[in-house]
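Pasted below: upload14.cif, mmCIF, C-alpha atoms.
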data_structure
#
loop_
_atom_site.group_PDB
_atom_site.id
_atom_site.type_symbol
_atom_site.label_atom_id
_atom_site.label_comp_id
_atom_site.auth_asym_id
_atom_site.auth_seq_id
_atom_site.Cartn_x
_atom_site.Cartn_y
_atom_site.Cartn_z
ATOM 1 C CA MET A 1 128.992 71.482 127.836
ATOM 2 C CA ASN A 2 126.106 73.318 126.198
ATOM 3 C CA PRO A 3 123.236 71.760 124.228
ATOM 4 C CA SER A 4 123.777 71.740 120.472
ATOM 5 C CA LEU A 5 121.319 73.045 117.896
ATOM 6 C CA LYS A 6 121.121 69.517 116.527
ATOM 7 C CA GLN A 7 120.008 68.196 119.898
ATOM 8 C CA LEU A 8 117.374 70.933 120.189
ATOM 9 C CA ARG A 9 116.047 70.130 116.690
ATOM 10 C CA TYR A 10 115.859 66.439 117.530
ATOM 11 C CA PHE A 11 114.061 67.163 120.783
ATOM 12 C CA VAL A 12 111.507 69.443 119.074
ATOM 13 C CA ALA A 13 110.915 66.754 116.439
ATOM 14 C CA LEU A 14 110.390 64.163 119.179
ATOM 15 C CA ALA A 15 107.942 66.385 121.052
ATOM 16 C CA GLU A 16 105.978 67.200 117.903
ATOM 17 C CA THR A 17 105.748 63.637 116.549
ATOM 18 C CA GLY A 18 105.284 61.890 119.892
ATOM 19 C CA GLY A 19 107.610 58.987 119.153
ATOM 20 C CA PHE A 20 111.295 58.208 118.543
ATOM 21 C CA GLY A 21 110.675 56.399 115.265
ATOM 22 C CA ARG A 22 108.574 59.134 113.698
ATOM 23 C CA ALA A 23 110.946 61.835 114.971
ATOM 24 C CA ALA A 24 113.944 60.035 113.470
ATOM 25 C CA GLU A 25 112.188 59.936 110.083
ATOM 26 C CA THR A 26 111.440 63.656 110.316
ATOM 27 C CA VAL A 27 115.081 64.637 110.843
ATOM 28 C CA PHE A 28 116.488 61.892 108.571
ATOM 29 C CA VAL A 29 118.551 59.975 111.125
ATOM 30 C CA SER A 30 118.301 56.502 112.608
ATOM 31 C CA GLN A 31 116.192 55.961 115.703
ATOM 32 C CA PRO A 32 119.194 54.912 117.879
ATOM 33 C CA ALA A 33 121.073 58.050 116.829
ATOM 34 C CA LEU A 34 118.179 60.300 117.771
ATOM 35 C CA SER A 35 117.620 58.469 121.055
ATOM 36 C CA GLN A 36 121.294 58.891 121.932
ATOM 37 C CA GLN A 37 121.161 62.643 121.270
ATOM 38 C CA ILE A 38 118.087 63.023 123.482
ATOM 39 C CA LYS A 39 119.812 61.140 126.305
ATOM 40 C CA GLU A 40 122.872 63.390 125.953
ATOM 41 C CA LEU A 41 120.638 66.473 126.052
ATOM 42 C CA GLU A 42 119.055 65.230 129.286
ATOM 43 C CA VAL A 43 122.496 64.659 130.797
ATOM 44 C CA ILE A 44 123.678 68.131 129.787
ATOM 45 C CA LEU A 45 120.590 69.798 131.241
ATOM 46 C CA GLY A 46 120.442 67.526 134.259
ATOM 47 C CA VAL A 47 116.726 66.812 133.907
ATOM 48 C CA GLU A 48 114.497 64.151 132.427
ATOM 49 C CA LEU A 49 112.735 65.609 129.376
ATOM 50 C CA VAL A 50 110.462 62.752 128.317
ATOM 51 C CA GLU A 51 108.761 59.775 129.874
ATOM 52 C CA ARG A 52 109.316 56.674 127.723
ATOM 53 C CA LEU A 53 105.966 54.947 127.299
ATOM 54 C CA PRO A 54 105.132 51.661 125.554
ATOM 55 C CA ARG A 55 103.541 53.531 122.646
ATOM 56 C CA GLY A 56 105.383 56.826 122.500
ATOM 57 C CA ILE A 57 106.564 59.511 124.856
ATOM 58 C CA ARG A 58 105.153 62.124 127.205
ATOM 59 C CA LEU A 59 106.923 65.357 128.041
ATOM 60 C CA THR A 60 107.816 65.983 131.644
ATOM 61 C CA ARG A 61 107.218 69.386 133.231
ATOM 62 C CA ALA A 62 110.857 70.258 132.537
ATOM 63 C CA GLY A 63 110.453 68.927 129.001
ATOM 64 C CA ARG A 64 107.596 71.313 128.276
ATOM 65 C CA GLU A 65 109.713 74.232 129.442
ATOM 66 C CA VAL A 66 112.682 73.110 127.361
ATOM 67 C CA LEU A 67 110.435 72.631 124.333
ATOM 68 C CA GLU A 68 109.178 76.211 124.519
ATOM 69 C CA ARG A 69 112.692 77.601 124.820
ATOM 70 C CA SER A 70 114.061 75.291 122.117
ATOM 71 C CA ARG A 71 111.468 76.513 119.639
ATOM 72 C CA ARG A 72 112.360 80.085 120.504
ATOM 73 C CA ILE A 73 116.080 79.461 120.034
ATOM 74 C CA LEU A 74 115.600 77.636 116.734
ATOM 75 C CA GLY A 75 113.327 80.436 115.514
ATOM 76 C CA GLU A 76 116.021 83.016 116.267
ATOM 77 C CA VAL A 77 118.598 80.906 114.446
ATOM 78 C CA ALA A 78 116.282 80.721 111.424
ATOM 79 C CA GLU A 79 115.977 84.518 111.497
ATOM 80 C CA LEU A 80 119.768 84.789 111.634
ATOM 81 C CA GLU A 81 120.108 82.515 108.632
ATOM 82 C CA ARG A 82 117.537 84.541 106.675
ATOM 83 C CA ALA A 83 119.364 87.767 107.511
ATOM 84 C CA ALA A 84 122.625 86.251 106.309
ATOM 85 C CA ARG A 85 120.995 85.190 103.032
ATOM 86 C CA LEU A 86 119.675 88.714 102.527
ATOM 87 C CA SER A 87 123.190 90.051 103.052
ATOM 88 C CA ARG A 88 124.304 87.917 100.084
ATOM 89 C CA GLY A 89 121.622 89.272 97.746
ATOM 90 C CA LEU A 90 117.901 89.800 97.323
ATOM 91 C CA THR A 91 116.856 86.713 99.301
ATOM 92 C CA GLY A 92 115.660 85.947 102.809
ATOM 93 C CA ARG A 93 113.558 88.580 104.596
ATOM 94 C CA LEU A 94 113.154 92.087 103.227
ATOM 95 C CA ARG A 95 111.613 94.828 105.361
ATOM 96 C CA LEU A 96 110.554 97.680 103.098
ATOM 97 C CA GLY A 97 109.095 101.017 104.156
ATOM 98 C CA VAL A 98 106.982 102.963 101.652
ATOM 99 C CA ILE A 99 105.295 106.363 101.937
ATOM 100 C CA PRO A 100 101.465 106.382 101.652
ATOM 101 C CA THR A 101 101.364 108.326 98.367
ATOM 102 C CA VAL A 102 103.418 105.588 96.710
ATOM 103 C CA ALA A 103 102.501 102.338 98.465
ATOM 104 C CA PRO A 104 98.969 101.693 97.070
ATOM 105 C CA TYR A 105 100.134 102.198 93.493
ATOM 106 C CA LEU A 106 103.681 100.864 93.299
ATOM 107 C CA LEU A 107 103.510 97.918 95.689
ATOM 108 C CA PRO A 108 100.953 95.704 93.894
ATOM 109 C CA ILE A 109 103.118 95.688 90.776
ATOM 110 C CA ALA A 110 106.483 95.637 92.548
ATOM 111 C CA LEU A 111 105.581 92.828 94.960
ATOM 112 C CA THR A 112 104.301 90.691 92.100
ATOM 113 C CA ARG A 113 107.645 91.134 90.350
ATOM 114 C CA LEU A 114 109.558 90.368 93.539
ATOM 115 C CA ARG A 115 107.552 87.170 94.108
ATOM 116 C CA ALA A 116 108.096 86.107 90.506
ATOM 117 C CA ARG A 117 111.834 86.574 90.996
ATOM 118 C CA ASP A 118 112.015 84.520 94.204
ATOM 119 C CA LEU A 119 109.035 82.826 95.835
ATOM 120 C CA THR A 120 111.049 82.281 99.024
ATOM 121 C CA LEU A 121 111.575 86.012 99.590
ATOM 122 C CA ASP A 122 109.840 87.032 102.822
ATOM 123 C CA ILE A 123 108.616 90.602 102.250
ATOM 124 C CA ARG A 124 107.441 92.748 105.148
ATOM 125 C CA VAL A 125 105.971 96.154 104.220
ATOM 126 C CA ARG A 126 105.648 99.179 106.502
ATOM 127 C CA GLU A 127 103.543 102.081 105.195
ATOM 128 C CA ALA A 128 104.069 105.367 107.021
ATOM 129 C CA GLN A 129 105.029 108.981 106.514
ATOM 130 C CA THR A 130 108.624 109.867 105.657
ATOM 131 C CA GLU A 131 109.728 110.983 109.113
ATOM 132 C CA THR A 132 108.514 107.767 110.740
ATOM 133 C CA LEU A 133 110.118 105.572 108.088
ATOM 134 C CA LEU A 134 113.467 107.323 108.398
ATOM 135 C CA ASP A 135 113.387 106.712 112.150
ATOM 136 C CA ASP A 136 112.637 103.034 111.421
ATOM 137 C CA LEU A 137 115.522 102.921 108.962
ATOM 138 C CA GLU A 138 117.961 104.392 111.453
ATOM 139 C CA ALA A 139 116.804 101.959 114.151
ATOM 140 C CA GLY A 140 117.099 98.970 111.812
ATOM 141 C CA ARG A 141 113.385 98.198 111.839
ATOM 142 C CA VAL A 142 113.329 98.406 108.034
ATOM 143 C CA ASP A 143 116.053 97.622 105.492
ATOM 144 C CA ALA A 144 115.141 100.280 102.944
ATOM 145 C CA VAL A 145 112.579 102.995 102.284
ATOM 146 C CA VAL A 146 110.854 104.245 99.145
ATOM 147 C CA ALA A 147 110.414 108.005 99.581
ATOM 148 C CA ALA A 148 110.500 111.300 97.729
ATOM 149 C CA LEU A 149 113.629 113.432 97.607
ATOM 150 C CA PRO A 150 115.015 115.534 99.140
ATOM 151 C CA LEU A 151 115.160 113.903 102.557
ATOM 152 C CA PRO A 152 115.718 115.681 105.880
ATOM 153 C CA VAL A 153 118.479 113.219 106.810
ATOM 154 C CA ALA A 154 122.005 113.151 105.386
ATOM 155 C CA GLY A 155 124.373 110.212 104.957
ATOM 156 C CA LEU A 156 121.949 107.725 103.370
ATOM 157 C CA ALA A 157 122.646 105.637 100.287
ATOM 158 C CA VAL A 158 120.221 106.674 97.545
ATOM 159 C CA GLU A 159 119.093 104.730 94.454
ATOM 160 C CA PRO A 160 117.010 107.014 92.160
ATOM 161 C CA LEU A 161 113.849 105.335 90.854
ATOM 162 C CA VAL A 162 111.533 107.520 88.752
ATOM 163 C CA SER A 163 110.618 111.137 88.155
ATOM 164 C CA ASP A 164 106.928 111.301 89.061
ATOM 165 C CA ARG A 165 105.286 114.336 87.452
ATOM 166 C CA PHE A 166 102.286 116.139 88.913
ATOM 167 C CA VAL A 167 99.071 116.772 86.982
ATOM 168 C CA LEU A 168 96.141 118.981 87.859
ATOM 169 C CA ALA A 169 92.936 117.112 88.734
ATOM 170 C CA GLY A 170 89.374 118.360 89.022
ATOM 171 C CA THR A 171 86.125 118.256 87.091
ATOM 172 C CA ALA A 172 86.068 119.087 83.376
ATOM 173 C CA ALA A 173 84.146 122.270 84.220
ATOM 174 C CA ARG A 174 86.834 123.454 86.643
ATOM 175 C CA LEU A 175 89.629 122.733 84.172
ATOM 176 C CA ALA A 176 87.808 124.364 81.238
ATOM 177 C CA ARG A 177 89.431 127.767 81.805
ATOM 178 C CA TRP A 178 92.798 126.371 80.687
ATOM 179 C CA VAL A 179 91.597 124.285 77.733
ATOM 180 C CA GLY A 180 92.196 127.014 75.150
ATOM 181 C CA ASP A 181 95.504 128.107 76.627
ATOM 182 C CA PRO A 182 97.341 125.142 78.174
ATOM 183 C CA GLU A 183 100.563 127.171 78.320
ATOM 184 C CA ALA A 184 98.891 129.317 80.977
ATOM 185 C CA LEU A 185 98.474 126.333 83.297
ATOM 186 C CA ARG A 186 101.296 126.655 85.772
ATOM 187 C CA PRO A 187 101.301 125.645 89.439
ATOM 188 C CA THR A 188 101.730 129.257 90.521
ATOM 189 C CA SER A 189 98.521 130.239 88.691
ATOM 190 C CA LEU A 190 96.323 128.132 90.990
ATOM 191 C CA ALA A 191 94.122 129.954 93.497
ATOM 192 C CA PRO A 192 94.958 128.812 97.035
ATOM 193 C CA ASP A 193 91.317 128.692 98.109
ATOM 194 C CA GLN A 194 90.534 126.203 95.320
ATOM 195 C CA LEU A 195 93.304 123.762 96.159
ATOM 196 C CA LEU A 196 92.783 120.615 98.269
ATOM 197 C CA LEU A 197 95.828 118.789 99.603
ATOM 198 C CA LEU A 198 96.734 116.009 102.011
ATOM 199 C CA ASP A 199 97.029 116.443 105.758
ATOM 200 C CA GLU A 200 100.059 118.299 107.028
ATOM 201 C CA GLY A 201 102.917 115.866 107.583
ATOM 202 C CA HIS A 202 102.557 114.190 104.196
ATOM 203 C CA CYS A 203 105.593 115.062 102.114
ATOM 204 C CA LEU A 204 103.367 115.321 99.032
ATOM 205 C CA ALA A 205 101.488 118.219 100.634
ATOM 206 C CA ASP A 206 104.780 119.997 101.329
ATOM 207 C CA GLN A 207 105.934 119.429 97.747
ATOM 208 C CA ALA A 208 102.641 120.708 96.320
ATOM 209 C CA LEU A 209 102.846 123.870 98.405
ATOM 210 C CA GLU A 210 106.411 124.414 97.214
ATOM 211 C CA VAL A 211 105.749 123.923 93.494
ATOM 212 C CA CYS A 212 102.651 126.138 93.668
ATOM 213 C CA GLY A 213 104.532 128.837 95.582
ATOM 214 C CA LEU A 214 101.850 128.712 98.272
ATOM 215 C CA ARG A 215 103.872 128.121 101.419
ATOM 216 C CA GLY A 216 102.838 130.871 103.798
ATOM 217 C CA ARG A 217 100.551 132.479 101.198
ATOM 218 C CA GLY A 218 96.768 132.224 101.259
ATOM 219 C CA ARG A 219 94.498 129.494 102.569
ATOM 220 C CA VAL A 220 94.893 125.944 101.287
ATOM 221 C CA ASP A 221 92.585 123.145 102.427
ATOM 222 C CA LEU A 222 94.934 120.647 104.084
ATOM 223 C CA GLY A 223 92.772 117.867 105.398
ATOM 224 C CA ALA A 224 92.477 114.733 103.272
ATOM 225 C CA SER A 225 94.121 111.580 104.575
ATOM 226 C CA SER A 226 94.763 109.898 101.224
ATOM 227 C CA LEU A 227 94.994 110.533 97.504
ATOM 228 C CA ALA A 228 91.887 108.384 97.045
ATOM 229 C CA THR A 229 89.932 110.799 99.268
ATOM 230 C CA LEU A 230 91.286 113.811 97.386
ATOM 231 C CA SER A 231 90.419 112.265 94.024
ATOM 232 C CA GLY A 232 86.885 111.490 95.130
ATOM 233 C CA LEU A 233 86.349 115.029 96.417
ATOM 234 C CA VAL A 234 87.635 116.855 93.365
ATOM 235 C CA ALA A 235 85.795 114.459 91.031
ATOM 236 C CA GLU A 236 82.595 115.694 92.694
ATOM 237 C CA GLY A 237 83.520 119.332 92.191
ATOM 238 C CA PHE A 238 85.086 120.160 95.549
ATOM 239 C CA GLY A 239 88.082 122.082 94.251
ATOM 240 C CA LEU A 240 91.307 121.064 92.534
ATOM 241 C CA THR A 241 94.293 118.976 93.552
ATOM 242 C CA LEU A 242 97.683 117.834 92.323
ATOM 243 C CA LEU A 243 98.050 114.120 91.625
ATOM 244 C CA PRO A 244 101.314 112.284 90.958
ATOM 245 C CA GLU A 245 101.404 110.251 87.758
ATOM 246 C CA ILE A 246 101.815 106.911 89.500
ATOM 247 C CA ALA A 247 98.367 107.382 91.059
ATOM 248 C CA LEU A 248 96.505 108.207 87.837
ATOM 249 C CA ARG A 249 95.647 104.692 86.664
ATOM 250 C CA ALA A 250 94.080 103.721 89.973
ATOM 251 C CA GLU A 251 92.388 107.020 90.822
ATOM 252 C CA THR A 252 90.810 107.647 87.416
ATOM 253 C CA ALA A 253 89.388 104.123 87.489
ATOM 254 C CA ALA A 254 87.939 104.731 90.952
ATOM 255 C CA ALA A 255 86.594 108.225 90.182
ATOM 256 C CA PRO A 256 85.201 108.358 86.617
ATOM 257 C CA GLY A 257 84.316 112.044 86.993
ATOM 258 C CA LEU A 258 87.954 112.995 87.426
ATOM 259 C CA ALA A 259 89.406 115.203 84.676
ATOM 260 C CA LEU A 260 93.142 115.739 84.288
ATOM 261 C CA MET A 261 95.357 118.339 82.688
ATOM 262 C CA ARG A 262 99.113 118.618 82.395
ATOM 263 C CA PHE A 263 101.015 121.712 83.437
ATOM 264 C CA ALA A 264 103.004 123.730 80.937
ATOM 265 C CA ALA A 265 106.692 122.851 80.741
ATOM 266 C CA PRO A 266 108.687 122.498 82.851
ATOM 267 C CA GLU A 267 106.208 120.174 84.525
ATOM 268 C CA PRO A 268 106.542 119.935 88.320
ATOM 269 C CA ALA A 269 107.644 116.535 89.584
ATOM 270 C CA ARG A 270 108.888 114.661 92.594
ATOM 271 C CA GLU A 271 111.871 112.340 92.506
ATOM 272 C CA LEU A 272 111.252 108.930 94.058
ATOM 273 C CA ALA A 273 114.166 106.947 95.408
ATOM 274 C CA LEU A 274 115.090 103.829 97.335
ATOM 275 C CA VAL A 275 117.127 104.824 100.371
ATOM 276 C CA ARG A 276 119.018 102.710 102.868
ATOM 277 C CA ARG A 277 121.688 103.038 105.498
ATOM 278 C CA ALA A 278 125.118 103.721 104.063
ATOM 279 C CA GLY A 279 127.587 100.853 103.958
ATOM 280 C CA GLY A 280 127.818 97.462 102.315
ATOM 281 C CA ASP A 281 124.484 96.072 101.152
ATOM 282 C CA GLY A 282 125.547 92.590 100.027
ATOM 283 C CA GLY A 283 124.216 93.243 96.553
ATOM 284 C CA TRP A 284 120.478 93.359 97.344
ATOM 285 C CA ALA A 285 119.784 97.090 96.932
ATOM 286 C CA ALA A 286 120.591 97.372 93.223
ATOM 287 C CA PRO A 287 118.324 94.508 92.062
ATOM 288 C CA LEU A 288 115.559 95.777 94.352
ATOM 289 C CA ALA A 289 115.890 99.269 92.877
ATOM 290 C CA ASP A 290 115.761 97.790 89.358
ATOM 291 C CA LEU A 291 112.501 95.986 90.145
ATOM 292 C CA LEU A 292 110.956 99.094 91.682
ATOM 293 C CA ARG A 293 112.118 101.137 88.692
ATOM 294 C CA GLU A 294 110.441 98.716 86.300
ATOM 295 C CA ALA A 295 107.195 98.848 88.270
ATOM 296 C CA GLY A 296 107.342 102.640 88.338
ATOM 297 C CA ALA A 297 107.968 102.804 84.589
ATOM 298 C CA GLU A 298 104.884 100.644 83.991
ATOM 299 C CA LEU A 299 102.738 103.010 86.054
ATOM 300 C CA LEU A 300 104.146 106.079 84.322
ATOM 301 C CA GLY A 301 103.437 104.536 80.931
ATOM 302 C CA SER A 302 99.805 103.968 81.961
ATOM 303 C CA ALA A 303 99.571 107.516 83.309
ATOM 304 C CA ARG A 304 100.757 109.037 80.068
ATOM 305 C CA ALA A 305 98.138 107.024 78.211
ATOM 306 C CA VAL A 306 95.444 108.318 80.573
ATOM 307 C CA CYS A 307 96.726 111.912 80.449
ATOM 308 C CA PRO A 308 98.963 112.466 77.378
#
Could you take the file, read its structure, and then write that structure out as structure tokens?
Amino acid sequence: MNPSLKQLRYFVALAETGGFGRAAETVFVSQPALSQQIKELEVILGVELVERLPRGIRLTRAGREVLERSRRILGEVAELERAARLSRGLTGRLRLGVIPTVAPYLLPIALTRLRARDLTLDIRVREAQTETLLDDLEAGRVDAVVAALPLPVAGLAVEPLVSDRFVLAGTAARLARWVGDPEALRPTSLAPDQLLLLDEGHCLADQALEVCGLRGRGRVDLGASSLATLSGLVAEGFGLTLLPEIALRAETAAAPGLALMRFAAPEPARELALVRRAGGDGGWAAPLADLLREAGAELLGSARAVCP
């Protein structure tokens, strides 16, 4: 016969409270019932787990070992239960991967909405570049990823979120040449040697090079590690950059010298999506996508107020 989970819970309660009476109260059973289960556990394992003292108990050497393993087993069972709850909807533990050009802007709003929906939801966030997050998704280290389309991996389930348009950012002096003729402001009109972008490996840098027609043409400064760094540099006159709308509220607040201008139609944009492994999702992906969509819409509304 194997020990039961009930016996392990009772034993952990006994070890943590130091007495049969207090342990029985903790697990809502009578003291004789708990004592009987502990005796049965000792018989099953073939060792004495506790020394019965006049005023409590003391764990034996074997008892300390069993306590450590019991806690580990009960912790794994709790994880299993949380995973099962998540499979029935947006509850339990959620492991979400988000790319760095989205995470600082979308997450504060989205996580607040998720917490308001369910305070018991255990949210774990992983911020990394697209390639790393897709590896994590395939390996099951994350449940879903917020990334920009298209993705280099086929066969994923995709929930579109928002269309995040790019705007040109720099100082007012640098943008002045387009003020009288905004229709002339197109990504392909930007001089490569004036453009600052993120480090290679960021999907946003690849997208910017594509929309500007600069891949393989001319010298572009690829070196900043974050949009905050880029915004600070161009606000001080060190060139121009492309910023996604979801970043505008935060970056204009942080860099008051930043001037913005919209491109002539059709405006370049990236499509953000929630992606997960294909197959049944238990109903959690759609409500999660809805919450992320709402958070994204709030940011886009703010961006269009900052840069009409």
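Take the candidates A:Leu106, A:Leu133, A:Val66, A:Ala157 and check each one against Glu298 in chain A using all atoms listed in the file; the shortest distance goes to A:Leu106.
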Close residues, range 5-8 of chain A itself excluded, 7 Å, all atoms listed in the file, min 2 positions apart in chain, as a VMD selection string: chain A and resid 3 10 to 12 37 to 38 41 70
Using C-alpha atoms, can you export the residues from the last selection as an mmCIF file, in the frame of the given file?
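Output (part24.cif):
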data_model
loop_
_atom_site.group_PDB
_atom_site.id
_atom_site.type_symbol
_atom_site.label_atom_id
_atom_site.label_comp_id
_atom_site.auth_asym_id
_atom_site.auth_seq_id
_atom_site.Cartn_x
_atom_site.Cartn_y
_atom_site.Cartn_z
ATOM 1 C CA PRO A 3 123.236 71.760 124.228
ATOM 2 C CA TYR A 10 115.859 66.439 117.530
ATOM 3 C CA PHE A 11 114.061 67.163 120.783
ATOM 4 C CA VAL A 12 111.507 69.443 119.074
ATOM 5 C CA GLN A 37 121.161 62.643 121.270
ATOM 6 C CA ILE A 38 118.087 63.023 123.482
ATOM 7 C CA LEU A 41 120.638 66.473 126.052
ATOM 8 C CA SER A 70 114.061 75.291 122.117
#
Atom-to-atom span, CA of Pro100 in chain A and CA of Ala259 in chain A, Å: 22.6 Å
Long-range neighbours of Leu288 in chain A as a VMD selection string, 12 Å cut-off, all atoms listed in the file, 5 positions minimum in chain: chain A and resid 86 89 to 91 94 to 96 110 to 111 113 to 115 117 to 118 121 123 143 to 146 159 to 161 273 to 276 281 to 283 293 to 295
Result set of the PyMOL selection byres ((chain A and resi 200) around 12) on the coordinates above, as a list in words: Gln129, Leu196, Leu197, Leu198, Asp199, Gly201, His202, Cys203, Leu204, Ala205, Asp206, Gln207, Ala208, Leu209, Arg215, Val220, Asp221, Leu222, Gly223, Ala224, Ser225 and Ser226 of chain A
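Excluding Val47 in chain A itself and same-chain residues fewer than 5 positions from it, the residues having an atom within 10 Å of it are A:Lys39, A:Leu41, A:Glu42, A:Thr60, A:Arg61, A:Ala62, A:Gly63, A:Val66, counting all atoms listed in the file.
Closest approach to Gly97 in chain A among A:Thr112, A:Thr132, A:Ser35, A:Thr229: A:Thr132, based on all atoms listed in the file.
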With all atoms listed in the file as the counted atoms, please give the residues lying no more than 10 Å from Thr252 in chain A, apart from itself and same-chain residues fewer than 6 positions off, as a compact mmCIF listing (two decimals) with C-alpha atoms, in the coordinates of the input.
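Output contents, as saved in part16.txt:
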# COMPACT_ATOMS: atom_id res chain seq x y z
CA ALA A 169 92.94 117.11 88.73
CA ALA A 228 91.89 108.38 97.04
CA SER A 231 90.42 112.26 94.02
CA GLY A 232 86.88 111.49 95.13
CA ALA A 235 85.80 114.46 91.03
CA LEU A 258 87.95 113.00 87.43
CA ALA A 259 89.41 115.20 84.68
CA LEU A 260 93.14 115.74 84.29
CA ALA A 303 99.57 107.52 83.31
CA VAL A 306 95.44 108.32 80.57
Pairwise distance for CA of Val158 in chain A and CA of Pro187 in chain A, rounded to one decimal in Å: 28.0 Å
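One distance worth recording is that between CA of Gln31 in chain A and CA of Leu14 in chain A, which is 10.6 Å.
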Distance query 8 Å from (124.6, 106.1, 106.2) using only C-alpha atoms, result as a PyMOL selection string: chain A and resi 154-157+276-279
Written file, previous selection with C-alpha atoms, as a JSON list (two decimals), in the coordinates of the input:
[["chain", "number", "residue", "atom", "x", "y", "z"],
["A", 154, "ALA", "CA", 122.00, 113.15, 105.39],
["A", 155, "GLY", "CA", 124.37, 110.21, 104.96],
["A", 156, "LEU", "CA", 121.95, 107.72, 103.37],
["A", 157, "ALA", "CA", 122.65, 105.64, 100.29],
["A", 276, "ARG", "CA", 119.02, 102.71, 102.87],
["A", 277, "ARG", "CA", 121.69, 103.04, 105.50],
["A", 278, "ALA", "CA", 125.12, 103.72, 104.06],
["A", 279, "GLY", "CA", 127.59, 100.85, 103.96]]
